[in-house]
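Visitor: Below is the file start.csv, with CSV, C-alpha atoms.
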```csv
chain,number,residue,atom,x,y,z
A,23,ILE,CA,-66.9,22.1,-9.0
A,24,GLN,CA,-63.2,21.5,-8.3
A,25,VAL,CA,-61.2,20.0,-11.1
A,26,LEU,CA,-59.7,16.8,-10.0
A,27,TYR,CA,-57.4,14.6,-12.1
A,28,ASP,CA,-56.5,11.4,-10.2
A,29,PHE,CA,-53.9,9.9,-12.4
A,30,THR,CA,-53.0,7.1,-10.0
A,31,PRO,CA,-51.2,3.9,-11.0
A,32,VAL,CA,-53.1,0.8,-10.1
A,33,PRO,CA,-51.8,-2.8,-9.8
A,34,HIS,CA,-52.3,-4.9,-12.9
A,35,HIS,CA,-51.9,-8.7,-13.1
A,36,HIS,CA,-49.9,-8.4,-16.2
A,37,MET,CA,-47.3,-6.1,-14.6
A,38,GLU,CA,-44.1,-7.4,-13.2
A,39,PRO,CA,-43.8,-7.5,-9.4
A,40,GLY,CA,-42.7,-4.2,-7.9
A,41,ASN,CA,-43.9,-2.1,-10.7
A,42,ASP,CA,-47.4,-1.5,-9.3
A,43,THR,CA,-46.2,1.3,-7.1
A,44,GLN,CA,-44.2,3.1,-9.7
A,45,ILE,CA,-45.6,6.4,-10.9
A,46,PRO,CA,-45.8,6.2,-14.7
A,47,GLU,CA,-44.6,8.9,-17.0
A,48,PHE,CA,-46.1,9.6,-20.4
A,49,LEU,CA,-44.3,9.8,-23.7
A,50,LEU,CA,-45.5,12.5,-26.1
A,51,LEU,CA,-44.8,11.0,-29.5
A,52,GLY,CA,-45.4,14.3,-31.3
A,53,LEU,CA,-46.3,14.8,-34.9
A,54,SER,CA,-43.5,12.7,-36.3
A,55,GLU,CA,-40.9,10.3,-34.9
A,56,GLU,CA,-38.6,10.8,-37.9
A,57,SER,CA,-35.4,12.4,-36.7
A,58,GLU,CA,-34.7,14.3,-39.9
A,59,LEU,CA,-38.0,16.1,-39.6
A,60,GLN,CA,-37.4,17.4,-36.0
A,61,PRO,CA,-35.3,20.5,-37.0
A,62,LEU,CA,-38.0,21.4,-39.5
A,63,LEU,CA,-40.8,21.0,-36.9
A,64,PHE,CA,-38.8,22.9,-34.3
A,65,GLY,CA,-38.3,25.9,-36.7
A,66,LEU,CA,-41.8,25.8,-37.9
A,67,PHE,CA,-43.5,25.7,-34.5
A,68,LEU,CA,-41.1,28.2,-33.0
A,69,SER,CA,-41.8,30.7,-35.8
A,70,MET,CA,-45.6,30.2,-35.4
A,71,TYR,CA,-45.3,30.6,-31.6
A,72,LEU,CA,-43.3,33.8,-31.9
A,73,ILE,CA,-45.7,35.2,-34.5
A,74,THR,CA,-48.7,34.4,-32.3
A,75,VAL,CA,-47.2,36.0,-29.2
A,76,PHE,CA,-45.9,39.0,-31.0
A,77,GLY,CA,-49.1,39.6,-33.0
A,78,ASN,CA,-51.4,39.3,-30.1
A,79,LEU,CA,-49.2,41.5,-27.9
A,80,LEU,CA,-49.4,44.1,-30.6
A,81,ILE,CA,-53.2,43.9,-30.5
A,82,ILE,CA,-53.2,44.3,-26.7
A,83,LEU,CA,-50.7,47.2,-27.0
A,84,ALA,CA,-52.8,49.0,-29.6
A,85,VAL,CA,-56.0,48.7,-27.6
A,86,THR,CA,-54.4,49.8,-24.3
A,87,SER,CA,-52.4,52.7,-25.8
A,88,ASP,CA,-55.1,54.3,-28.1
A,89,PRO,CA,-57.9,56.1,-26.2
A,90,HIS,CA,-60.1,55.7,-29.3
A,91,LEU,CA,-60.1,52.0,-28.8
A,92,HIS,CA,-61.2,52.0,-25.2
A,93,THR,CA,-64.6,50.6,-26.2
A,94,PRO,CA,-66.3,47.3,-25.3
A,95,MET,CA,-65.6,45.7,-28.6
A,96,TYR,CA,-61.8,46.3,-28.3
A,97,PHE,CA,-61.8,45.5,-24.6
A,98,PHE,CA,-63.1,42.0,-25.5
A,99,LEU,CA,-60.6,41.8,-28.4
A,100,ALA,CA,-57.7,42.5,-26.0
A,101,ASN,CA,-58.9,39.8,-23.7
A,102,LEU,CA,-59.2,37.4,-26.6
A,103,SER,CA,-55.6,38.1,-27.6
A,104,PHE,CA,-54.5,37.5,-24.0
A,105,VAL,CA,-56.3,34.1,-24.0
A,106,ASP,CA,-54.7,33.2,-27.3
A,107,ILE,CA,-51.2,33.8,-25.9
A,108,CYS,CA,-52.0,31.8,-22.8
A,109,SER,CA,-53.6,28.9,-24.8
A,110,ILE,CA,-50.7,28.4,-27.2
A,111,SER,CA,-48.2,28.7,-24.4
A,112,THR,CA,-49.7,25.7,-22.7
A,113,THR,CA,-48.7,23.3,-25.5
A,114,VAL,CA,-46.1,24.6,-27.9
A,115,PRO,CA,-43.2,25.4,-25.5
A,116,LYS,CA,-43.2,21.8,-24.1
A,117,MET,CA,-43.2,20.5,-27.6
A,118,LEU,CA,-40.2,22.7,-28.5
A,119,GLN,CA,-38.4,21.6,-25.4
A,120,ASN,CA,-39.0,17.9,-26.2
A,121,ILE,CA,-37.6,18.4,-29.7
A,122,GLN,CA,-34.6,20.4,-28.5
A,123,THR,CA,-33.7,17.9,-25.7
A,124,GLN,CA,-34.7,14.9,-27.8
A,125,SER,CA,-36.8,13.7,-24.9
A,126,LYS,CA,-40.5,12.7,-25.2
A,127,VAL,CA,-41.2,12.4,-21.5
A,128,ILE,CA,-43.8,14.4,-19.6
A,129,THR,CA,-44.5,13.9,-15.9
A,130,TYR,CA,-47.8,13.4,-14.2
A,131,ALA,CA,-47.8,16.9,-12.9
A,132,GLY,CA,-46.8,18.4,-16.3
A,133,CYS,CA,-49.6,16.4,-18.0
A,134,VAL,CA,-52.2,17.4,-15.5
A,135,THR,CA,-51.2,21.0,-15.6
A,136,GLN,CA,-51.3,21.0,-19.4
A,137,ILE,CA,-54.7,19.5,-19.6
A,138,TYR,CA,-56.2,21.8,-17.0
A,139,PHE,CA,-54.9,25.1,-18.4
A,140,PHE,CA,-55.6,24.1,-22.0
A,141,LEU,CA,-59.2,23.4,-21.1
A,142,LEU,CA,-59.3,26.6,-19.1
A,143,PHE,CA,-58.2,28.8,-21.9
A,144,ALA,CA,-60.2,27.0,-24.6
A,145,GLY,CA,-63.3,27.4,-22.5
A,146,TRP,CA,-62.5,31.1,-21.9
A,147,ASP,CA,-61.9,31.6,-25.6
A,148,ASP,CA,-65.2,30.0,-26.4
A,149,PHE,CA,-67.2,32.2,-24.0
A,150,LEU,CA,-65.3,35.3,-25.1
A,151,LEU,CA,-66.4,34.7,-28.7
A,152,ALA,CA,-70.0,34.4,-27.5
A,153,VAL,CA,-69.7,37.7,-25.5
A,154,MET,CA,-68.3,39.4,-28.6
A,155,ALA,CA,-71.2,38.1,-30.7
A,156,TYR,CA,-73.6,39.6,-28.1
A,157,ASP,CA,-71.7,42.9,-28.3
A,158,ARG,CA,-72.1,43.0,-32.1
A,159,PHE,CA,-75.8,42.1,-31.7
A,160,VAL,CA,-76.5,45.0,-29.4
A,161,ALA,CA,-74.4,47.4,-31.5
A,162,ILE,CA,-76.3,46.5,-34.8
A,163,CYS,CA,-79.7,45.7,-33.5
A,164,HIS,CA,-80.0,48.2,-30.7
A,165,PRO,CA,-77.5,51.0,-31.6
A,166,LEU,CA,-79.2,53.7,-29.7
A,167,HIS,CA,-79.1,51.7,-26.4
A,168,TYR,CA,-75.6,50.4,-27.0
A,169,THR,CA,-73.7,52.6,-24.5
A,170,VAL,CA,-76.4,52.0,-21.9
A,171,ILE,CA,-76.5,48.2,-22.3
A,172,ILE,CA,-72.8,47.5,-22.9
A,173,ASN,CA,-71.3,49.6,-20.1
A,174,SER,CA,-67.9,49.2,-18.5
A,175,GLN,CA,-69.3,47.3,-15.5
A,176,LEU,CA,-71.1,44.8,-17.8
A,177,CYS,CA,-67.9,44.3,-19.8
A,178,VAL,CA,-65.8,43.4,-16.8
A,179,LEU,CA,-68.7,41.2,-15.5
A,180,LEU,CA,-69.0,39.3,-18.8
A,181,VAL,CA,-65.2,38.6,-18.9
A,182,LEU,CA,-65.2,37.5,-15.3
A,183,VAL,CA,-68.2,35.2,-15.9
A,184,SER,CA,-66.5,33.7,-19.0
A,185,TRP,CA,-63.4,33.0,-16.9
A,186,ILE,CA,-65.3,31.5,-13.9
A,187,ILE,CA,-67.4,29.2,-16.1
A,188,SER,CA,-64.4,28.0,-17.9
A,189,VAL,CA,-62.8,27.1,-14.6
A,190,LEU,CA,-65.8,24.9,-13.7
A,191,LEU,CA,-64.7,22.2,-16.2
A,192,MET,CA,-65.2,18.7,-15.0
A,193,MET,CA,-64.2,16.1,-12.4
A,194,LEU,CA,-62.3,13.2,-13.8
A,195,ARG,CA,-60.7,10.2,-12.1
A,196,LEU,CA,-58.5,8.2,-14.3
A,197,SER,CA,-56.1,5.3,-13.3
A,198,PHE,CA,-53.3,4.1,-15.4
A,199,CYS,CA,-51.6,0.7,-15.2
A,200,THR,CA,-48.2,1.3,-16.8
A,201,HIS,CA,-46.2,3.7,-18.9
A,202,PHE,CA,-48.2,5.0,-21.9
A,203,GLN,CA,-47.4,6.6,-25.2
A,204,ILE,CA,-49.5,9.5,-26.3
A,205,PRO,CA,-49.8,9.9,-30.1
A,206,HIS,CA,-50.0,13.6,-29.8
A,207,PHE,CA,-47.8,16.6,-29.2
A,208,PHE,CA,-49.6,17.6,-25.9
A,209,CYS,CA,-51.7,15.9,-23.3
A,210,GLU,CA,-55.1,16.0,-25.1
A,211,LEU,CA,-58.0,15.0,-22.9
A,212,ASN,CA,-59.6,12.6,-25.3
A,213,GLN,CA,-56.3,10.8,-25.8
A,214,MET,CA,-55.8,10.5,-22.0
A,215,ILE,CA,-59.3,9.0,-21.4
A,216,GLN,CA,-58.6,6.4,-24.2
A,217,LEU,CA,-55.3,5.4,-22.4
A,218,ALA,CA,-56.9,4.9,-19.0
A,219,CYS,CA,-57.4,1.4,-17.8
A,220,SER,CA,-60.0,2.4,-15.3
A,221,ASP,CA,-63.7,2.5,-16.2
A,222,THR,CA,-64.0,5.6,-18.4
A,223,PHE,CA,-67.8,5.5,-19.0
A,224,LEU,CA,-68.5,8.1,-16.3
A,225,ASN,CA,-65.6,10.2,-17.5
A,226,ASN,CA,-66.8,10.1,-21.1
A,227,MET,CA,-70.3,11.1,-19.9
A,228,VAL,CA,-68.9,14.0,-17.9
A,229,MET,CA,-66.7,15.1,-20.8
A,230,TYR,CA,-69.6,15.0,-23.4
A,231,PHE,CA,-71.8,16.9,-21.0
A,232,ALA,CA,-69.2,19.5,-20.4
A,233,ALA,CA,-68.6,19.8,-24.2
A,234,VAL,CA,-72.3,20.4,-24.8
A,235,LEU,CA,-72.5,22.9,-21.9
A,236,LEU,CA,-69.3,24.8,-22.4
A,237,GLY,CA,-69.2,24.4,-26.2
A,238,GLY,CA,-72.8,24.2,-27.3
A,239,GLY,CA,-74.0,26.9,-25.0
A,240,PRO,CA,-71.7,29.7,-26.4
A,241,PHE,CA,-72.2,28.4,-29.9
A,242,ALA,CA,-76.0,28.6,-29.5
A,243,GLY,CA,-75.6,32.2,-28.2
A,244,ILE,CA,-73.4,33.1,-31.2
A,245,LEU,CA,-76.0,31.6,-33.7
A,246,TYR,CA,-78.8,33.5,-32.0
A,247,SER,CA,-76.9,36.8,-32.0
A,248,TYR,CA,-76.0,36.4,-35.7
A,249,SER,CA,-79.5,35.4,-36.7
A,250,LYS,CA,-80.8,38.7,-35.3
A,251,ILE,CA,-77.9,40.6,-36.9
A,252,VAL,CA,-78.6,39.1,-40.3
A,253,SER,CA,-82.3,39.9,-39.9
A,254,THR,CA,-81.5,43.5,-39.0
A,255,ILE,CA,-79.0,43.9,-41.8
A,256,CYS,CA,-81.6,42.5,-44.3
A,257,GLY,CA,-84.0,45.2,-43.1
A,258,ILE,CA,-81.6,48.0,-44.0
A,259,SER,CA,-82.6,49.7,-47.3
A,260,SER,CA,-79.3,51.1,-48.6
A,261,ALA,CA,-76.5,48.8,-49.8
A,262,LEU,CA,-74.0,51.1,-48.1
A,263,GLY,CA,-75.7,50.7,-44.8
A,264,LYS,CA,-75.7,47.0,-45.2
A,265,TYR,CA,-72.0,47.0,-46.0
A,266,LYS,CA,-71.1,49.1,-43.0
A,267,ALA,CA,-73.2,47.0,-40.6
A,268,PHE,CA,-71.7,43.8,-41.9
A,269,SER,CA,-68.2,45.1,-41.8
A,270,THR,CA,-68.4,45.7,-38.1
A,271,CYS,CA,-68.8,42.0,-37.4
A,272,ALA,CA,-66.9,40.4,-40.4
A,273,SER,CA,-63.7,40.0,-38.5
A,274,HIS,CA,-65.4,38.3,-35.5
A,275,LEU,CA,-67.4,36.1,-37.8
A,276,SER,CA,-64.2,35.0,-39.5
A,277,VAL,CA,-62.6,34.1,-36.2
A,278,VAL,CA,-65.7,32.2,-35.0
A,279,SER,CA,-65.8,30.2,-38.3
A,280,LEU,CA,-62.1,29.4,-38.0
A,281,PHE,CA,-62.4,28.4,-34.4
A,282,TYR,CA,-65.4,26.1,-34.6
A,283,CYS,CA,-64.7,24.6,-38.1
A,284,THR,CA,-61.2,23.5,-37.0
A,285,ILE,CA,-62.4,22.0,-33.8
A,286,LEU,CA,-65.3,20.2,-35.5
A,287,GLY,CA,-63.0,18.9,-38.2
A,288,VAL,CA,-60.5,17.5,-35.6
A,289,TYR,CA,-63.1,15.7,-33.6
A,290,LEU,CA,-64.9,14.3,-36.6
A,291,SER,CA,-61.6,13.0,-37.9
A,292,SER,CA,-60.8,11.5,-34.5
A,293,ALA,CA,-63.9,9.4,-34.7
A,294,ALA,CA,-62.4,7.5,-37.6
A,295,PRO,CA,-60.4,4.4,-36.9
A,296,GLN,CA,-56.6,4.5,-36.8
A,297,SER,CA,-56.7,8.3,-36.9
A,298,SER,CA,-54.5,9.3,-33.9
A,299,HIS,CA,-51.7,10.7,-36.0
A,300,SER,CA,-54.0,12.5,-38.4
A,301,SER,CA,-56.0,13.9,-35.4
A,302,ALA,CA,-52.8,15.2,-33.9
A,303,VAL,CA,-51.8,16.9,-37.1
A,304,ALA,CA,-55.3,18.3,-37.5
A,305,SER,CA,-55.4,19.7,-34.0
A,306,VAL,CA,-52.5,22.0,-34.9
A,307,MET,CA,-55.2,24.0,-36.7
A,308,TYR,CA,-57.1,25.1,-33.5
A,309,THR,CA,-54.2,24.9,-31.0
A,310,VAL,CA,-51.6,26.9,-33.1
A,311,VAL,CA,-52.9,28.2,-36.4
A,312,THR,CA,-56.1,29.8,-35.1
A,313,PRO,CA,-54.4,31.9,-32.4
A,314,MET,CA,-51.7,32.9,-34.9
A,315,LEU,CA,-54.3,34.1,-37.5
A,316,ASN,CA,-56.6,36.0,-35.2
A,317,PRO,CA,-54.3,39.1,-35.0
A,318,PHE,CA,-54.0,39.2,-38.8
A,319,ILE,CA,-57.8,38.8,-39.2
A,320,TYR,CA,-58.6,41.7,-36.9
A,321,SER,CA,-55.7,44.0,-38.0
A,322,LEU,CA,-56.1,43.6,-41.7
A,323,ARG,CA,-59.9,44.1,-41.7
A,324,ASN,CA,-59.9,46.9,-39.1
A,325,ARG,CA,-58.8,50.4,-39.9
A,326,ASP,CA,-58.8,51.5,-36.3
A,327,ILE,CA,-56.5,48.7,-35.3
A,328,LYS,CA,-54.2,49.4,-38.2
A,329,LYS,CA,-54.1,53.1,-37.4
A,330,ALA,CA,-53.3,52.4,-33.7
A,331,LEU,CA,-50.6,49.9,-34.6
A,332,ARG,CA,-49.0,52.4,-37.0
A,333,VAL,CA,-49.0,55.0,-34.2
A,334,CYS,CA,-47.5,52.6,-31.7
A,335,LEU,CA,-44.8,51.4,-34.0
A,336,SER,CA,-43.9,55.0,-35.1
A,337,GLN,CA,-43.7,56.2,-31.5
A,338,GLY,CA,-41.5,53.2,-30.6
A,339,LEU,CA,-39.2,53.9,-33.5
A,340,CYS,CA,-39.1,57.6,-32.7
A,341,GLN,CA,-38.2,56.9,-29.1
A,342,GLN,CA,-35.4,54.6,-30.1
A,343,SER,CA,-33.9,57.2,-32.5
```
Could I get this structure in the form of structure tokens?
Guide:
Amino acid sequence: IQVLYDFTPVPHHHMEPGNDTQIPEFLLLGLSEESELQPLLFGLFLSMYLITVFGNLLIILAVTSDPHLHTPMYFFLANLSFVDICSISTTVPKMLQNIQTQSKVITYAGCVTQIYFFLLFAGWDDFLLAVMAYDRFVAICHPLHYTVIINSQLCVLLVLVSWIISVLLMMLRLSFCTHFQIPHFFCELNQMIQLACSDTFLNNMVMYFAAVLLGGGPFAGILYSYSKIVSTICGISSALGKYKAFSTCASHLSVVSLFYCTILGVYLSSAAPQSSHSSAVASVMYTVVTPMLNPFIYSLRNRDIKKALRVCLSQGLCQQS
């Protein structure tokens, strides 16, 4: 399925003559229109962006540089860190540019590109979390067959499948009659469909179907994997054995909970009337805060990652000295 966004202007009887052929531009209103808050927002989001990129790069560096971390679990973690960097880079830099230049304009091409890549990386993130849940399921429920089932070929295949499925997003055709203001800090798909003056019934149906397929499918896989994991852990007799088994998936469970709870909260709040601004503020949680917290969750709860990071940082300092 080829992703197609047809953001074509259409004539409207309320428009002035000569305006029906003009390609509209969108205005990203951002989180606040108060000028005194713009420096604060710029500093806050720049800090979160740099922390996210630096933290996830450290995870990737630790996994690639330490031979002890060349395992399926950390291979998936490195891919998740890469996706988090890409995901936040589709939204925050444009927001920072708009604040710095005091311009809210985003072109058709920019908006289409932002929507496409945000959905691409969000879908990839979703499927990677499901793949990581399957990895933990095999490691805990079938430990003796782990190396046979989760081999290097399967790891690469699962990541490729996650990427390919996330590319097959949806086909949308939207027409806009005039310039529009987006009460958001990026081109969020739900907001764009609401702004369209064309018939959006089919687009809504496609979007909901894709949400169920691309969001519900991985989530169902995660629930199934963890139901089996909990059942296996409950069957372990010793308390120490239960703790060790649970600790291997605690970080992933924390990330999954953070990812799905924030998205669910945003889209439940967006169903309320007059909630565009609150929805934009809430969406910061899954677009910015979640990618920023993921490295902290995995590094603080994982001794192998902390050890690898200490080695990487010490080697870097030694080389500089």
Visitor: To test the calculation: enclose all listed atoms of stretch 306-319 of chain A in a box whose edges run along x, y and z, add 5 Å on each side, then state centre and edge lengths in Å to one decimal, as JSON.
Guide:
```
{"center_x": -54.7, "center_y": 30.6, "center_z": -35.1, "size_x": 16.2, "size_y": 27.2, "size_z": 18.2}
```
Visitor: Need to verify the contact set: A:Thr74, 8 Å, all atoms listed in the file, exclusion of same-chain residues closer than 5 positions in sequence. Can you return it as a list in words?
Guide: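 Near neighbours after the sequence-gap exclusion: Asp106, Ile107, Pro313, Met314, Leu315 and Pro317 of chain A.
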Visitor: A:Val303, A:Leu151, A:Leu68, A:Leu59: which is nearest A:His206, counting only C-alpha atoms?
Guide: A:Val303
Visitor: Quick one: residues within 10 Å of (-44.2, 27.0, -26.7) (file frame), counting all atoms listed in the file, please, as a list in words.
Guide: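 Looking at atoms near the point gives Phe67, Leu68, Met70, Tyr71, Leu72, Val75, Ile107, Cys108, Ser109, Ile110, Ser111, Thr112, Thr113, Val114, Pro115, Lys116, Met117, Leu118, Gln119 and Val310 of chain A.
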Visitor: With C-alpha atoms retained, could you export that selection as a short mmCIF file (atom, residue, chain, number, x, y, z; two decimals), in the coordinates of the input?
Guide:
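See selection25.cif below for the written result:
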```
data_model
loop_
_atom_site.label_atom_id
_atom_site.label_comp_id
_atom_site.auth_asym_id
_atom_site.auth_seq_id
_atom_site.Cartn_x
_atom_site.Cartn_y
_atom_site.Cartn_z
CA PHE A 67 -43.50 25.70 -34.50
CA LEU A 68 -41.10 28.20 -33.00
CA MET A 70 -45.60 30.20 -35.40
CA TYR A 71 -45.30 30.60 -31.60
CA LEU A 72 -43.30 33.80 -31.90
CA VAL A 75 -47.20 36.00 -29.20
CA ILE A 107 -51.20 33.80 -25.90
CA CYS A 108 -52.00 31.80 -22.80
CA SER A 109 -53.60 28.90 -24.80
CA ILE A 110 -50.70 28.40 -27.20
CA SER A 111 -48.20 28.70 -24.40
CA THR A 112 -49.70 25.70 -22.70
CA THR A 113 -48.70 23.30 -25.50
CA VAL A 114 -46.10 24.60 -27.90
CA PRO A 115 -43.20 25.40 -25.50
CA LYS A 116 -43.20 21.80 -24.10
CA MET A 117 -43.20 20.50 -27.60
CA LEU A 118 -40.20 22.70 -28.50
CA GLN A 119 -38.40 21.60 -25.40
CA VAL A 310 -51.60 26.90 -33.10
#
```
Visitor: Compile the contact shell of A:Phe98 as a PyMOL selection string: residues with an atom at most 12 Å away, counting only C-alpha atoms, same-chain residues fewer than 2 positions apart removed.
Guide: chain A and resi 81-82+85-86+91-96+100-105+146-147+149-158+172+174+176-182+184+274
Visitor: Pick out the residues sitting within 9 Å of A:Leu331, and hand them over as a PyMOL selection string; count all atoms listed in the file, and ignore anything fewer than 5 positions along from it in its own chain.
Guide: chain A and resi 80-81+83-85+321+326+336
Visitor: Neighbourhood query: residues within 10 Å of (-57.6, 32.7, -37.1), file coordinates, counting all atoms listed in the file; return as an MDAnalysis selection string.
Guide: chainID A and resid 273:274 276:281 284 307:308 310:320
Visitor: At what distance in Å, to one decimal, does atom CA of A:Phe97 lie from atom CA of A:Gly145?
Guide: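 Value for the atom CA of A:Gly145-atom CA of A:Phe97 distance: 18.3 Å.
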Visitor: So, counting all atoms listed in the file, which residue among A:Ser69, A:Thr169, A:Gln124, A:Ser305 is closest to A:Leu51?
Guide: A:Gln124
Visitor: In Å, with one decimal, what is the gap from atom CA of A:Gly239 to atom CA of A:Lys264?
Guide: 28.5 Å
Visitor: What does the distance between atom CA of A:Lys328 and atom CA of A:Cys163 come to in Å, to one decimal place?
Guide: 26.2 Å
Visitor: Any idea what's packed within 9 Å of stretch 248-252 of chain A, counting only C-alpha atoms, ignoring anything in its chain fewer than 2 positions away? Could you give it as number ranges by chain?
Guide: A: 155-156, 158-160, 162-163, 243-246, 254-257, 267-268, 275
Visitor: Output C-alpha atoms for every residue in that selection, as a compact mmCIF listing (two decimals), in the frame of the given file.
Guide:
```txt
# COMPACT_ATOMS: atom_id res chain seq x y z
CA ALA A 155 -71.20 38.10 -30.70
CA TYR A 156 -73.60 39.60 -28.10
CA ARG A 158 -72.10 43.00 -32.10
CA PHE A 159 -75.80 42.10 -31.70
CA VAL A 160 -76.50 45.00 -29.40
CA ILE A 162 -76.30 46.50 -34.80
CA CYS A 163 -79.70 45.70 -33.50
CA GLY A 243 -75.60 32.20 -28.20
CA ILE A 244 -73.40 33.10 -31.20
CA LEU A 245 -76.00 31.60 -33.70
CA TYR A 246 -78.80 33.50 -32.00
CA THR A 254 -81.50 43.50 -39.00
CA ILE A 255 -79.00 43.90 -41.80
CA CYS A 256 -81.60 42.50 -44.30
CA GLY A 257 -84.00 45.20 -43.10
CA ALA A 267 -73.20 47.00 -40.60
CA PHE A 268 -71.70 43.80 -41.90
CA LEU A 275 -67.40 36.10 -37.80
```
Visitor: Ranking A:Leu211, A:Cys133, A:Ile121, A:Val183 by minimum distance to A:Leu66 and counting only C-alpha atoms, which one comes first?
Guide: A:Ile121
Visitor: Taking into account only C-alpha atoms, which residue in the set A:Leu63, A:Ala144, A:Ile285, A:Ala161 is nearest to A:Thr270?
Guide: A:Ala161
Visitor: Nearest to A:Arg325: which of A:Glu210, A:Asn120, A:His167, A:Ser269 is it, counting all atoms listed in the file?
Guide: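 Checking each of A:Glu210, A:Asn120, A:His167, A:Ser269 against A:Arg325, counting all atoms listed in the file, the winner is A:Ser269.
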Visitor: N, CA, C and O atoms for stretch 161-172 of chain A, written as a PDB file, keeping the file's coordinate frame, could you do that?
Guide:
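Once written, out-v8.pdb looks like this:
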```
ATOM      1  N   ALA A 161     -74.847  46.250 -30.755  1.00  0.00           N
ATOM      2  CA  ALA A 161     -74.400  47.400 -31.500  1.00  0.00           C
ATOM      3  C   ALA A 161     -75.179  47.556 -32.841  1.00  0.00           C
ATOM      4  O   ALA A 161     -75.447  48.690 -33.282  1.00  0.00           O
ATOM      5  N   ILE A 162     -75.567  46.448 -33.474  1.00  0.00           N
ATOM      6  CA  ILE A 162     -76.300  46.500 -34.800  1.00  0.00           C
ATOM      7  C   ILE A 162     -77.775  46.564 -34.605  1.00  0.00           C
ATOM      8  O   ILE A 162     -78.465  47.321 -35.295  1.00  0.00           O
ATOM      9  N   CYS A 163     -78.283  45.765 -33.664  1.00  0.00           N
ATOM     10  CA  CYS A 163     -79.700  45.700 -33.500  1.00  0.00           C
ATOM     11  C   CYS A 163     -80.316  46.721 -32.580  1.00  0.00           C
ATOM     12  O   CYS A 163     -81.483  47.080 -32.704  1.00  0.00           O
ATOM     13  N   HIS A 164     -79.511  47.204 -31.635  1.00  0.00           N
ATOM     14  CA  HIS A 164     -80.000  48.200 -30.700  1.00  0.00           C
ATOM     15  C   HIS A 164     -78.925  49.322 -30.548  1.00  0.00           C
ATOM     16  O   HIS A 164     -78.397  49.554 -29.453  1.00  0.00           O
ATOM     17  N   PRO A 165     -78.599  50.013 -31.651  1.00  0.00           N
ATOM     18  CA  PRO A 165     -77.500  51.000 -31.600  1.00  0.00           C
ATOM     19  C   PRO A 165     -77.725  52.153 -30.660  1.00  0.00           C
ATOM     20  O   PRO A 165     -76.772  52.665 -30.059  1.00  0.00           O
ATOM     21  N   LEU A 166     -78.966  52.585 -30.526  1.00  0.00           N
ATOM     22  CA  LEU A 166     -79.200  53.700 -29.700  1.00  0.00           C
ATOM     23  C   LEU A 166     -79.086  53.415 -28.194  1.00  0.00           C
ATOM     24  O   LEU A 166     -78.860  54.331 -27.378  1.00  0.00           O
ATOM     25  N   HIS A 167     -79.203  52.159 -27.846  1.00  0.00           N
ATOM     26  CA  HIS A 167     -79.100  51.700 -26.400  1.00  0.00           C
ATOM     27  C   HIS A 167     -77.742  51.066 -26.161  1.00  0.00           C
ATOM     28  O   HIS A 167     -77.550  50.513 -25.074  1.00  0.00           O
ATOM     29  N   TYR A 168     -76.818  51.121 -27.119  1.00  0.00           N
ATOM     30  CA  TYR A 168     -75.600  50.400 -27.000  1.00  0.00           C
ATOM     31  C   TYR A 168     -74.769  50.813 -25.767  1.00  0.00           C
ATOM     32  O   TYR A 168     -74.324  49.982 -24.962  1.00  0.00           O
ATOM     33  N   THR A 169     -74.553  52.108 -25.623  1.00  0.00           N
ATOM     34  CA  THR A 169     -73.700  52.600 -24.500  1.00  0.00           C
ATOM     35  C   THR A 169     -74.390  52.366 -23.162  1.00  0.00           C
ATOM     36  O   THR A 169     -73.706  52.292 -22.139  1.00  0.00           O
ATOM     37  N   VAL A 170     -75.715  52.256 -23.166  1.00  0.00           N
ATOM     38  CA  VAL A 170     -76.400  52.000 -21.900  1.00  0.00           C
ATOM     39  C   VAL A 170     -76.323  50.530 -21.528  1.00  0.00           C
ATOM     40  O   VAL A 170     -76.071  50.175 -20.367  1.00  0.00           O
ATOM     41  N   ILE A 171     -76.506  49.657 -22.520  1.00  0.00           N
ATOM     42  CA  ILE A 171     -76.500  48.200 -22.300  1.00  0.00           C
ATOM     43  C   ILE A 171     -75.072  47.706 -22.036  1.00  0.00           C
ATOM     44  O   ILE A 171     -74.770  47.045 -21.039  1.00  0.00           O
ATOM     45  N   ILE A 172     -74.168  48.012 -22.986  1.00  0.00           N
ATOM     46  CA  ILE A 172     -72.800  47.500 -22.900  1.00  0.00           C
ATOM     47  C   ILE A 172     -71.939  48.603 -22.220  1.00  0.00           C
ATOM     48  O   ILE A 172     -71.210  49.362 -22.851  1.00  0.00           O
TER      49      ILE A 172
END
```
